[in-house]
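structure06.cif follows; it contains mmCIF, N, CA and C atoms.
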```cif
data_final
#
loop_
_atom_site.label_atom_id
_atom_site.label_comp_id
_atom_site.auth_asym_id
_atom_site.auth_seq_id
_atom_site.Cartn_x
_atom_site.Cartn_y
_atom_site.Cartn_z
N PRO A 1 0.82 -1.21 0.00
CA PRO A 1 0.00 0.00 0.00
C PRO A 1 0.86 1.27 0.00
N ILE A 2 0.36 2.30 -0.64
CA ILE A 2 1.06 3.59 -0.67
C ILE A 2 0.95 4.24 0.71
N GLN A 3 2.01 4.92 1.13
CA GLN A 3 2.01 5.64 2.40
C GLN A 3 0.86 6.65 2.41
N PRO A 4 0.16 6.78 3.54
CA PRO A 4 -0.95 7.73 3.61
C PRO A 4 -0.45 9.17 3.54
N LEU A 5 -1.30 10.02 3.01
CA LEU A 5 -1.02 11.44 2.94
C LEU A 5 -1.48 12.04 4.27
N LEU A 6 -0.55 12.60 5.01
CA LEU A 6 -0.85 13.12 6.34
C LEU A 6 -0.83 14.64 6.35
N PHE A 7 -1.82 15.24 6.98
CA PHE A 7 -1.89 16.69 7.15
C PHE A 7 -1.86 17.00 8.64
N PHE A 8 -1.15 18.04 9.00
CA PHE A 8 -1.18 18.45 10.40
C PHE A 8 -0.96 19.95 10.49
N GLY A 9 -1.38 20.49 11.61
CA GLY A 9 -1.24 21.91 11.86
C GLY A 9 -0.78 22.15 13.28
N GLU A 10 -0.25 23.31 13.51
CA GLU A 10 0.25 23.66 14.83
C GLU A 10 0.02 25.15 15.05
N LEU A 11 -0.41 25.50 16.25
CA LEU A 11 -0.56 26.89 16.64
C LEU A 11 0.29 27.12 17.87
N GLU A 12 1.20 28.07 17.78
CA GLU A 12 2.13 28.35 18.87
C GLU A 12 1.93 29.79 19.32
N VAL A 13 1.74 30.00 20.61
CA VAL A 13 1.57 31.33 21.18
C VAL A 13 2.66 31.55 22.21
N GLN A 14 3.42 32.62 22.00
CA GLN A 14 4.51 32.98 22.92
C GLN A 14 4.13 34.29 23.58
N THR A 15 4.23 34.37 24.88
CA THR A 15 3.82 35.59 25.59
C THR A 15 5.00 36.37 26.17
N VAL A 16 6.16 35.76 26.26
CA VAL A 16 7.32 36.42 26.85
C VAL A 16 8.45 36.44 25.83
N PRO A 17 9.15 37.48 25.55
CA PRO A 17 9.03 38.81 26.12
C PRO A 17 7.90 39.63 25.52
N ILE A 18 7.45 39.28 24.27
CA ILE A 18 6.29 39.95 23.67
C ILE A 18 5.37 38.89 23.10
N LEU A 19 4.12 39.27 22.88
CA LEU A 19 3.15 38.32 22.32
C LEU A 19 3.46 38.06 20.85
N GLN A 20 3.61 36.78 20.50
CA GLN A 20 3.82 36.36 19.12
C GLN A 20 2.97 35.13 18.87
N ILE A 21 2.38 35.07 17.68
CA ILE A 21 1.55 33.94 17.29
C ILE A 21 2.10 33.36 16.00
N LYS A 22 2.24 32.03 15.98
CA LYS A 22 2.77 31.34 14.80
C LYS A 22 1.87 30.16 14.48
N GLY A 23 1.49 30.04 13.21
CA GLY A 23 0.69 28.92 12.75
C GLY A 23 1.41 28.17 11.65
N THR A 24 1.30 26.85 11.68
CA THR A 24 1.95 26.01 10.68
C THR A 24 0.96 24.98 10.14
N LEU A 25 0.94 24.82 8.83
CA LEU A 25 0.18 23.76 8.16
C LEU A 25 1.17 22.97 7.33
N ALA A 26 1.04 21.64 7.36
CA ALA A 26 2.00 20.82 6.62
C ALA A 26 1.33 19.56 6.07
N MET A 27 1.93 19.05 5.01
CA MET A 27 1.50 17.80 4.38
C MET A 27 2.73 16.90 4.31
N LYS A 28 2.64 15.71 4.85
CA LYS A 28 3.76 14.76 4.84
C LYS A 28 3.46 13.64 3.84
N ASN A 29 4.48 13.17 3.17
CA ASN A 29 4.42 12.15 2.12
C ASN A 29 4.04 12.79 0.80
N ALA A 30 3.76 11.99 -0.21
CA ALA A 30 3.56 12.51 -1.56
C ALA A 30 2.10 12.45 -1.99
N TYR A 31 1.64 13.55 -2.58
CA TYR A 31 0.32 13.62 -3.19
C TYR A 31 0.55 13.27 -4.66
N TYR A 32 0.43 11.99 -4.98
CA TYR A 32 0.71 11.46 -6.31
C TYR A 32 -0.44 11.78 -7.24
N GLN A 33 -0.14 12.26 -8.44
CA GLN A 33 -1.14 12.68 -9.42
C GLN A 33 -2.11 13.68 -8.78
N ALA A 34 -1.54 14.76 -8.28
CA ALA A 34 -2.28 15.79 -7.56
C ALA A 34 -3.42 16.38 -8.39
N PHE A 35 -4.55 16.56 -7.75
CA PHE A 35 -5.74 17.16 -8.35
C PHE A 35 -6.19 16.43 -9.61
N GLY A 36 -5.88 15.13 -9.72
CA GLY A 36 -6.28 14.33 -10.87
C GLY A 36 -5.41 14.53 -12.10
N LEU A 37 -4.33 15.27 -11.98
CA LEU A 37 -3.42 15.50 -13.10
C LEU A 37 -2.29 14.47 -13.03
N ASP A 38 -2.21 13.59 -14.02
CA ASP A 38 -1.26 12.48 -13.95
C ASP A 38 0.20 12.91 -14.04
N PHE A 39 0.46 14.19 -14.33
CA PHE A 39 1.84 14.67 -14.45
C PHE A 39 2.27 15.53 -13.26
N LEU A 40 1.41 15.73 -12.25
CA LEU A 40 1.72 16.62 -11.14
C LEU A 40 1.81 15.84 -9.83
N HIS A 41 2.95 15.97 -9.13
CA HIS A 41 3.17 15.27 -7.88
C HIS A 41 3.76 16.25 -6.87
N LEU A 42 3.15 16.35 -5.69
CA LEU A 42 3.60 17.25 -4.63
C LEU A 42 4.03 16.43 -3.43
N ALA A 43 5.06 16.87 -2.73
CA ALA A 43 5.53 16.11 -1.57
C ALA A 43 6.05 17.03 -0.47
N ASP A 44 5.77 16.63 0.75
CA ASP A 44 6.33 17.27 1.95
C ASP A 44 6.23 18.80 1.91
N LEU A 45 5.01 19.29 1.79
CA LEU A 45 4.77 20.74 1.75
C LEU A 45 4.54 21.28 3.15
N SER A 46 4.98 22.51 3.40
CA SER A 46 4.68 23.15 4.67
C SER A 46 4.65 24.66 4.50
N LEU A 47 3.86 25.32 5.34
CA LEU A 47 3.74 26.77 5.35
C LEU A 47 3.58 27.22 6.79
N SER A 48 4.41 28.17 7.20
CA SER A 48 4.33 28.76 8.54
C SER A 48 4.21 30.27 8.41
N VAL A 49 3.36 30.85 9.24
CA VAL A 49 3.20 32.30 9.27
C VAL A 49 3.25 32.75 10.72
N GLU A 50 4.00 33.81 10.97
CA GLU A 50 4.17 34.33 12.32
C GLU A 50 3.82 35.81 12.32
N PHE A 51 3.12 36.26 13.35
CA PHE A 51 2.85 37.68 13.47
C PHE A 51 2.80 38.10 14.92
N THR A 52 2.95 39.41 15.11
CA THR A 52 2.96 40.01 16.45
C THR A 52 1.76 40.93 16.56
N PRO A 53 0.74 40.56 17.35
CA PRO A 53 -0.43 41.43 17.52
C PRO A 53 -0.02 42.78 18.11
N PRO A 54 -0.74 43.84 17.82
CA PRO A 54 -2.05 43.85 17.18
C PRO A 54 -1.98 43.85 15.66
N SER A 55 -0.79 43.92 15.06
CA SER A 55 -0.66 43.91 13.61
C SER A 55 -0.89 42.51 13.06
N PHE A 56 -1.60 42.43 11.95
CA PHE A 56 -1.80 41.14 11.29
C PHE A 56 -0.87 40.99 10.09
N PHE A 57 0.06 41.94 9.92
CA PHE A 57 1.06 41.81 8.87
C PHE A 57 2.10 40.80 9.34
N PRO A 58 2.39 39.77 8.56
CA PRO A 58 3.32 38.72 9.01
C PRO A 58 4.71 39.27 9.31
N THR A 59 5.27 38.85 10.43
CA THR A 59 6.65 39.17 10.76
C THR A 59 7.58 38.03 10.34
N GLY A 60 6.99 36.90 9.96
CA GLY A 60 7.77 35.78 9.48
C GLY A 60 6.92 34.86 8.62
N ILE A 61 7.49 34.38 7.53
CA ILE A 61 6.82 33.43 6.63
C ILE A 61 7.86 32.40 6.21
N GLN A 62 7.48 31.15 6.28
CA GLN A 62 8.37 30.08 5.82
C GLN A 62 7.55 29.08 5.02
N ALA A 63 8.05 28.70 3.85
CA ALA A 63 7.38 27.71 3.00
C ALA A 63 8.43 26.79 2.40
N GLU A 64 8.07 25.53 2.23
CA GLU A 64 8.99 24.59 1.59
C GLU A 64 8.21 23.42 1.02
N GLY A 65 8.82 22.73 0.08
CA GLY A 65 8.18 21.56 -0.50
C GLY A 65 8.88 21.09 -1.75
N LYS A 66 8.27 20.08 -2.33
CA LYS A 66 8.84 19.44 -3.53
C LYS A 66 7.72 19.27 -4.55
N ILE A 67 8.05 19.54 -5.80
CA ILE A 67 7.09 19.35 -6.89
C ILE A 67 7.78 18.60 -8.02
N SER A 68 7.08 17.64 -8.60
CA SER A 68 7.59 16.89 -9.75
C SER A 68 6.57 16.99 -10.87
N LEU A 69 7.05 17.26 -12.06
CA LEU A 69 6.21 17.32 -13.25
C LEU A 69 6.64 16.21 -14.20
N GLY A 70 5.69 15.38 -14.60
CA GLY A 70 5.98 14.29 -15.51
C GLY A 70 5.28 13.01 -15.06
N ARG A 71 5.32 12.01 -15.91
CA ARG A 71 4.69 10.73 -15.58
C ARG A 71 5.77 9.76 -15.10
N ASP A 72 5.40 8.86 -14.24
CA ASP A 72 6.34 7.87 -13.68
C ASP A 72 7.51 8.54 -12.96
N CYS A 73 7.25 9.66 -12.30
CA CYS A 73 8.32 10.36 -11.57
C CYS A 73 8.59 9.71 -10.23
N LEU A 74 7.59 9.05 -9.69
CA LEU A 74 7.72 8.42 -8.38
C LEU A 74 7.55 6.92 -8.51
N LEU A 75 8.36 6.19 -7.76
CA LEU A 75 8.25 4.74 -7.70
C LEU A 75 7.88 4.35 -6.28
N GLN A 76 7.33 3.17 -6.12
CA GLN A 76 6.91 2.70 -4.81
C GLN A 76 7.79 1.53 -4.38
N SER A 77 8.35 1.64 -3.17
CA SER A 77 9.17 0.54 -2.63
C SER A 77 8.25 -0.53 -2.05
N ASN A 78 8.83 -1.63 -1.62
CA ASN A 78 8.05 -2.73 -1.06
C ASN A 78 7.25 -2.33 0.17
N ASP A 79 7.77 -1.36 0.95
CA ASP A 79 7.04 -0.94 2.15
C ASP A 79 6.03 0.17 1.87
N GLY A 80 5.86 0.54 0.60
CA GLY A 80 4.86 1.53 0.22
C GLY A 80 5.38 2.94 0.12
N THR A 81 6.64 3.17 0.46
CA THR A 81 7.21 4.50 0.40
C THR A 81 7.42 4.92 -1.06
N LEU A 82 7.03 6.15 -1.38
CA LEU A 82 7.26 6.69 -2.72
C LEU A 82 8.63 7.37 -2.76
N PHE A 83 9.38 7.17 -3.85
CA PHE A 83 10.68 7.80 -3.99
C PHE A 83 10.88 8.20 -5.45
N ASP A 84 11.84 9.11 -5.68
CA ASP A 84 12.11 9.63 -7.02
C ASP A 84 12.59 8.54 -7.96
N ASN A 85 12.06 8.58 -9.18
CA ASN A 85 12.53 7.71 -10.25
C ASN A 85 13.64 8.47 -10.98
N ARG A 86 14.86 8.37 -10.50
CA ARG A 86 15.97 9.13 -11.07
C ARG A 86 16.34 8.66 -12.47
N ALA A 87 15.86 7.49 -12.87
CA ALA A 87 16.16 6.98 -14.21
C ALA A 87 15.29 7.66 -15.26
N SER A 88 14.21 8.30 -14.85
CA SER A 88 13.31 8.92 -15.81
C SER A 88 13.82 10.29 -16.24
N GLU A 89 14.05 10.44 -17.53
CA GLU A 89 14.43 11.74 -18.08
C GLU A 89 13.21 12.60 -18.37
N ALA A 90 12.01 12.03 -18.18
CA ALA A 90 10.77 12.73 -18.50
C ALA A 90 10.17 13.38 -17.27
N CYS A 91 10.97 13.65 -16.25
CA CYS A 91 10.49 14.28 -15.03
C CYS A 91 11.33 15.51 -14.71
N VAL A 92 10.66 16.59 -14.37
CA VAL A 92 11.32 17.80 -13.90
C VAL A 92 10.94 17.93 -12.43
N THR A 93 11.93 18.02 -11.56
CA THR A 93 11.67 18.07 -10.13
C THR A 93 12.32 19.31 -9.53
N ALA A 94 11.60 19.94 -8.60
CA ALA A 94 12.13 21.10 -7.88
C ALA A 94 11.88 20.92 -6.39
N ILE A 95 12.89 21.22 -5.63
CA ILE A 95 12.77 21.30 -4.18
C ILE A 95 13.03 22.76 -3.84
N ALA A 96 12.09 23.39 -3.12
CA ALA A 96 12.22 24.81 -2.87
C ALA A 96 11.91 25.15 -1.42
N ALA A 97 12.54 26.20 -0.93
CA ALA A 97 12.29 26.70 0.42
C ALA A 97 12.42 28.22 0.40
N PHE A 98 11.60 28.85 1.22
CA PHE A 98 11.58 30.31 1.31
C PHE A 98 11.41 30.69 2.77
N ASN A 99 12.14 31.70 3.21
CA ASN A 99 11.99 32.20 4.57
C ASN A 99 12.08 33.71 4.56
N TYR A 100 11.14 34.36 5.24
CA TYR A 100 11.14 35.81 5.42
C TYR A 100 11.08 36.06 6.92
N ASP A 101 12.02 36.85 7.42
CA ASP A 101 12.06 37.17 8.84
C ASP A 101 12.23 38.68 8.98
N GLN A 102 11.17 39.35 9.41
CA GLN A 102 11.19 40.82 9.51
C GLN A 102 12.17 41.28 10.59
N THR A 103 12.30 40.52 11.67
CA THR A 103 13.16 40.94 12.77
C THR A 103 14.64 40.67 12.49
N ASP A 104 14.94 39.71 11.62
CA ASP A 104 16.33 39.40 11.27
C ASP A 104 16.44 39.21 9.76
N PRO A 105 16.62 40.31 9.01
CA PRO A 105 16.69 40.22 7.54
C PRO A 105 17.77 39.28 7.02
N THR A 106 18.82 39.01 7.81
CA THR A 106 19.86 38.09 7.36
C THR A 106 19.36 36.65 7.32
N ALA A 107 18.21 36.38 7.96
CA ALA A 107 17.64 35.03 7.95
C ALA A 107 16.65 34.84 6.80
N THR A 108 16.49 35.85 5.96
CA THR A 108 15.59 35.76 4.80
C THR A 108 16.34 35.10 3.65
N TYR A 109 15.71 34.09 3.03
CA TYR A 109 16.38 33.38 1.94
C TYR A 109 15.36 32.75 1.00
N LEU A 110 15.85 32.39 -0.18
CA LEU A 110 15.11 31.62 -1.17
C LEU A 110 16.06 30.55 -1.67
N TYR A 111 15.61 29.30 -1.61
CA TYR A 111 16.46 28.18 -2.04
C TYR A 111 15.66 27.34 -3.03
N ALA A 112 16.30 26.92 -4.10
CA ALA A 112 15.66 26.02 -5.06
C ALA A 112 16.72 25.11 -5.67
N LYS A 113 16.34 23.86 -5.81
CA LYS A 113 17.22 22.87 -6.44
C LYS A 113 16.38 22.14 -7.48
N PHE A 114 16.89 22.08 -8.70
CA PHE A 114 16.16 21.47 -9.81
C PHE A 114 16.88 20.24 -10.31
N ARG A 115 16.10 19.30 -10.81
CA ARG A 115 16.66 18.11 -11.46
C ARG A 115 15.98 17.97 -12.81
N ASN A 116 16.76 17.75 -13.85
CA ASN A 116 16.27 17.60 -15.23
C ASN A 116 15.56 18.84 -15.75
N LEU A 117 16.05 20.00 -15.39
CA LEU A 117 15.46 21.24 -15.89
C LEU A 117 16.13 21.60 -17.21
N ASN A 118 15.62 21.00 -18.28
CA ASN A 118 16.12 21.28 -19.61
C ASN A 118 14.94 21.15 -20.59
N VAL A 119 15.11 21.62 -21.79
CA VAL A 119 14.02 21.65 -22.77
C VAL A 119 13.50 20.25 -23.06
N GLU A 120 14.38 19.29 -23.25
CA GLU A 120 13.95 17.93 -23.57
C GLU A 120 13.09 17.33 -22.45
N SER A 121 13.53 17.46 -21.21
CA SER A 121 12.77 16.91 -20.08
C SER A 121 11.42 17.60 -19.92
N ILE A 122 11.38 18.90 -20.14
CA ILE A 122 10.12 19.64 -20.04
C ILE A 122 9.14 19.15 -21.10
N ILE A 123 9.60 18.97 -22.32
CA ILE A 123 8.73 18.47 -23.39
C ILE A 123 8.24 17.07 -23.06
N LEU A 124 9.14 16.20 -22.61
CA LEU A 124 8.76 14.82 -22.28
C LEU A 124 7.82 14.75 -21.08
N ALA A 125 7.96 15.70 -20.15
CA ALA A 125 7.08 15.71 -18.96
C ALA A 125 5.63 15.98 -19.35
N PHE A 126 5.43 16.84 -20.34
CA PHE A 126 4.07 17.21 -20.72
C PHE A 126 3.57 16.48 -21.97
N ALA A 127 4.46 15.91 -22.74
CA ALA A 127 4.07 15.19 -23.96
C ALA A 127 4.86 13.90 -24.03
N PRO A 128 4.51 12.90 -23.19
CA PRO A 128 5.31 11.67 -23.17
C PRO A 128 5.34 10.94 -24.50
N SER A 129 4.36 11.17 -25.36
CA SER A 129 4.37 10.50 -26.67
C SER A 129 5.51 11.00 -27.53
N ALA A 130 6.09 12.17 -27.20
CA ALA A 130 7.22 12.70 -27.96
C ALA A 130 8.46 11.84 -27.76
N GLN A 131 8.51 11.05 -26.69
CA GLN A 131 9.66 10.21 -26.41
C GLN A 131 9.79 9.09 -27.44
N ASN A 132 8.67 8.67 -27.99
CA ASN A 132 8.68 7.61 -28.99
C ASN A 132 8.95 8.11 -30.39
N SER A 133 8.97 9.43 -30.58
CA SER A 133 9.14 9.99 -31.91
C SER A 133 10.60 10.07 -32.30
#
```

Starting from the file, give its structure as structure tokens.
Amino acid sequence: PIQPLLFFGELEVQTVPILQIKGTLAMKNAYYQAFGLDFLHLADLSLSVEFTPPSFFPTGIQAEGKISLGRDCLLQSNDGTLFDNRASEACVTAIAAFNYDQTDPTATYLYAKFRNLNVESIILAFAPSAQNS
């Protein structure tokens, strides 16, 4: 069986030295063929937002996750765990993370790592019949 898709959330309230509220929503494991699209796969997504009342403007935002475009991008092991099909040239995969910290601008970053980001892989991800041509 495929590993279950797990969702969880967390609400953290800090009162000392100042009031801060942080909320986190996350999805663990892979959403294979997301939204019924056989070429879209999402994995290990999370979003955190932090703010200091009375302002509702975020003082911190963090997001991360993995997206794969293409067919047969994920394989299933004997224990049901999904993993990358690195042999497939018809998959474009990105792992990305973003952090914004208003109180410490040096902690603000954007990170992205791509695999098979080239014209051929992009065409094969969306038009697998082109591989046979």

_Spatial sel., origin (6.7, 23.0, 0.6), limit 6 Å, only C-alpha atoms, listed as a list in words_ = Asp44, Leu45, Ser46, Ala63, Glu64, Gly65 and Lys66 of chain A

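Compared by their closest atoms to A:Met27, and using all atoms listed in the file, the residues A:Arg86, A:Leu69, A:Gln14, A:Leu42 rank with A:Leu42 nearest.
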
*Evaluating the PyMOL selection byres ((chain A and resi 111-116) around 6.5) on the displayed file yields which residues, as a ChimeraX atom specification?*
/A:91-99,109-110,117-118,121-122

*I would like the residues chosen by the PyMOL selection byres ((chain A and resi 5) around 7) on the shown file; could you give them as an MDAnalysis selection string?*
chainID A and resid 2:4 6:7 27:31

*Taking all atoms listed in the file into account, which of A:Leu40, A:Ser48, A:Tyr32, A:Pro53 comes nearest A:Ile18?*
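Using all atoms listed in the file, A:Ile18 sits closest to A:Pro53.
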
Enclose stretch 105-119 of chain A, meaning all of its atoms listed in the file, in a box aligned along x, y and z, pad it by 6 Å on each side, and list the centre and edge lengths in Å to one decimal, as lines of an AutoDock Vina configuration file.
```
center_x = 16.7
center_y = 29.0
center_z = -7.0
size_x = 18.4
size_y = 34.7
size_z = 44.1
```

_Please extract the residues of chain A with a backbone DSSP assignment of alpha helix (DSSP H) and present them as a list in words._
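Taking chain A and keeping alpha helix (DSSP H) gives Val119, Glu120, Ser121, Ile122, Ile123, Leu124, Ala125 and Phe126 of chain A.
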
*asked:* As an exercise, work out the distance from atom CA of A:Leu74 to atom CA of A:Leu37 in Å and give it to one decimal place.
replied: 14.0 Å

*How many Å lie between atom N of A:Glu89 and atom C of A:Ala34, rounded to one decimal?*
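So the two atoms, atom N of A:Glu89 and atom C of A:Ala34, lie 20.6 Å apart.
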
*Nearest to A:Thr59 among A:Thr108, A:Thr15, A:Thr103, A:Ser77, with distances taken over only C-alpha atoms: which residue is it?*
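Ranking A:Thr108, A:Thr15, A:Thr103, A:Ser77 by distance to A:Thr59, first place goes to A:Thr103.
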
Test item: write stretch 10-35 of chain A with N, CA, C and O atoms as a compact mmCIF listing (two decimals), in the first residue's frame:
```txt
# COMPACT_ATOMS: atom_id res chain seq x y z
N GLU A 10 -0.25 23.31 13.51
CA GLU A 10 0.25 23.66 14.83
C GLU A 10 0.02 25.15 15.05
O GLU A 10 0.22 25.96 14.15
N LEU A 11 -0.41 25.50 16.25
CA LEU A 11 -0.56 26.89 16.64
C LEU A 11 0.29 27.12 17.87
O LEU A 11 0.15 26.42 18.87
N GLU A 12 1.20 28.07 17.78
CA GLU A 12 2.13 28.35 18.87
C GLU A 12 1.93 29.79 19.32
O GLU A 12 1.94 30.71 18.51
N VAL A 13 1.74 30.00 20.61
CA VAL A 13 1.57 31.33 21.18
C VAL A 13 2.66 31.55 22.21
O VAL A 13 2.81 30.78 23.14
N GLN A 14 3.42 32.62 22.00
CA GLN A 14 4.51 32.98 22.92
C GLN A 14 4.13 34.29 23.58
O GLN A 14 3.75 35.25 22.89
N THR A 15 4.23 34.37 24.88
CA THR A 15 3.82 35.59 25.59
C THR A 15 5.00 36.37 26.17
O THR A 15 4.83 37.51 26.56
N VAL A 16 6.16 35.76 26.26
CA VAL A 16 7.32 36.42 26.85
C VAL A 16 8.45 36.44 25.83
O VAL A 16 8.72 35.41 25.21
N PRO A 17 9.15 37.48 25.55
CA PRO A 17 9.03 38.81 26.12
C PRO A 17 7.90 39.63 25.52
O PRO A 17 7.43 40.58 26.12
N ILE A 18 7.45 39.28 24.27
CA ILE A 18 6.29 39.95 23.67
C ILE A 18 5.37 38.89 23.10
O ILE A 18 5.79 37.76 22.84
N LEU A 19 4.12 39.27 22.88
CA LEU A 19 3.15 38.32 22.32
C LEU A 19 3.46 38.06 20.85
O LEU A 19 3.57 38.99 20.05
N GLN A 20 3.61 36.78 20.50
CA GLN A 20 3.82 36.36 19.12
C GLN A 20 2.97 35.13 18.87
O GLN A 20 2.86 34.24 19.73
N ILE A 21 2.38 35.07 17.68
CA ILE A 21 1.55 33.94 17.29
C ILE A 21 2.10 33.36 16.00
O ILE A 21 2.40 34.09 15.06
N LYS A 22 2.24 32.03 15.98
CA LYS A 22 2.77 31.34 14.80
C LYS A 22 1.87 30.16 14.48
O LYS A 22 1.52 29.37 15.35
N GLY A 23 1.49 30.04 13.21
CA GLY A 23 0.69 28.92 12.75
C GLY A 23 1.41 28.17 11.65
O GLY A 23 2.05 28.78 10.79
N THR A 24 1.30 26.85 11.68
CA THR A 24 1.95 26.01 10.68
C THR A 24 0.96 24.98 10.14
O THR A 24 0.22 24.37 10.90
N LEU A 25 0.94 24.82 8.83
CA LEU A 25 0.18 23.76 8.16
C LEU A 25 1.17 22.97 7.33
O LEU A 25 2.04 23.54 6.67
N ALA A 26 1.04 21.64 7.36
CA ALA A 26 2.00 20.82 6.62
C ALA A 26 1.33 19.56 6.07
O ALA A 26 0.31 19.11 6.58
N MET A 27 1.93 19.05 5.01
CA MET A 27 1.50 17.80 4.38
C MET A 27 2.73 16.90 4.31
O MET A 27 3.77 17.31 3.78
N LYS A 28 2.64 15.71 4.85
CA LYS A 28 3.76 14.76 4.84
C LYS A 28 3.46 13.64 3.84
O LYS A 28 2.33 13.21 3.72
N ASN A 29 4.48 13.17 3.17
CA ASN A 29 4.42 12.15 2.12
C ASN A 29 4.04 12.79 0.80
O ASN A 29 4.00 14.00 0.68
N ALA A 30 3.76 11.99 -0.21
CA ALA A 30 3.56 12.51 -1.56
C ALA A 30 2.10 12.45 -1.99
O ALA A 30 1.43 11.45 -1.77
N TYR A 31 1.64 13.55 -2.58
CA TYR A 31 0.32 13.62 -3.19
C TYR A 31 0.55 13.27 -4.66
O TYR A 31 0.90 14.11 -5.47
N TYR A 32 0.43 11.99 -4.98
CA TYR A 32 0.71 11.46 -6.31
C TYR A 32 -0.44 11.78 -7.24
O TYR A 32 -1.60 11.61 -6.89
N GLN A 33 -0.14 12.26 -8.44
CA GLN A 33 -1.14 12.68 -9.42
C GLN A 33 -2.11 13.68 -8.78
O GLN A 33 -3.32 13.50 -8.75
N ALA A 34 -1.54 14.76 -8.28
CA ALA A 34 -2.28 15.79 -7.56
C ALA A 34 -3.42 16.38 -8.39
O ALA A 34 -3.26 16.64 -9.59
N PHE A 35 -4.55 16.56 -7.75
CA PHE A 35 -5.74 17.16 -8.35
C PHE A 35 -6.19 16.43 -9.61
O PHE A 35 -6.78 17.03 -10.51
```
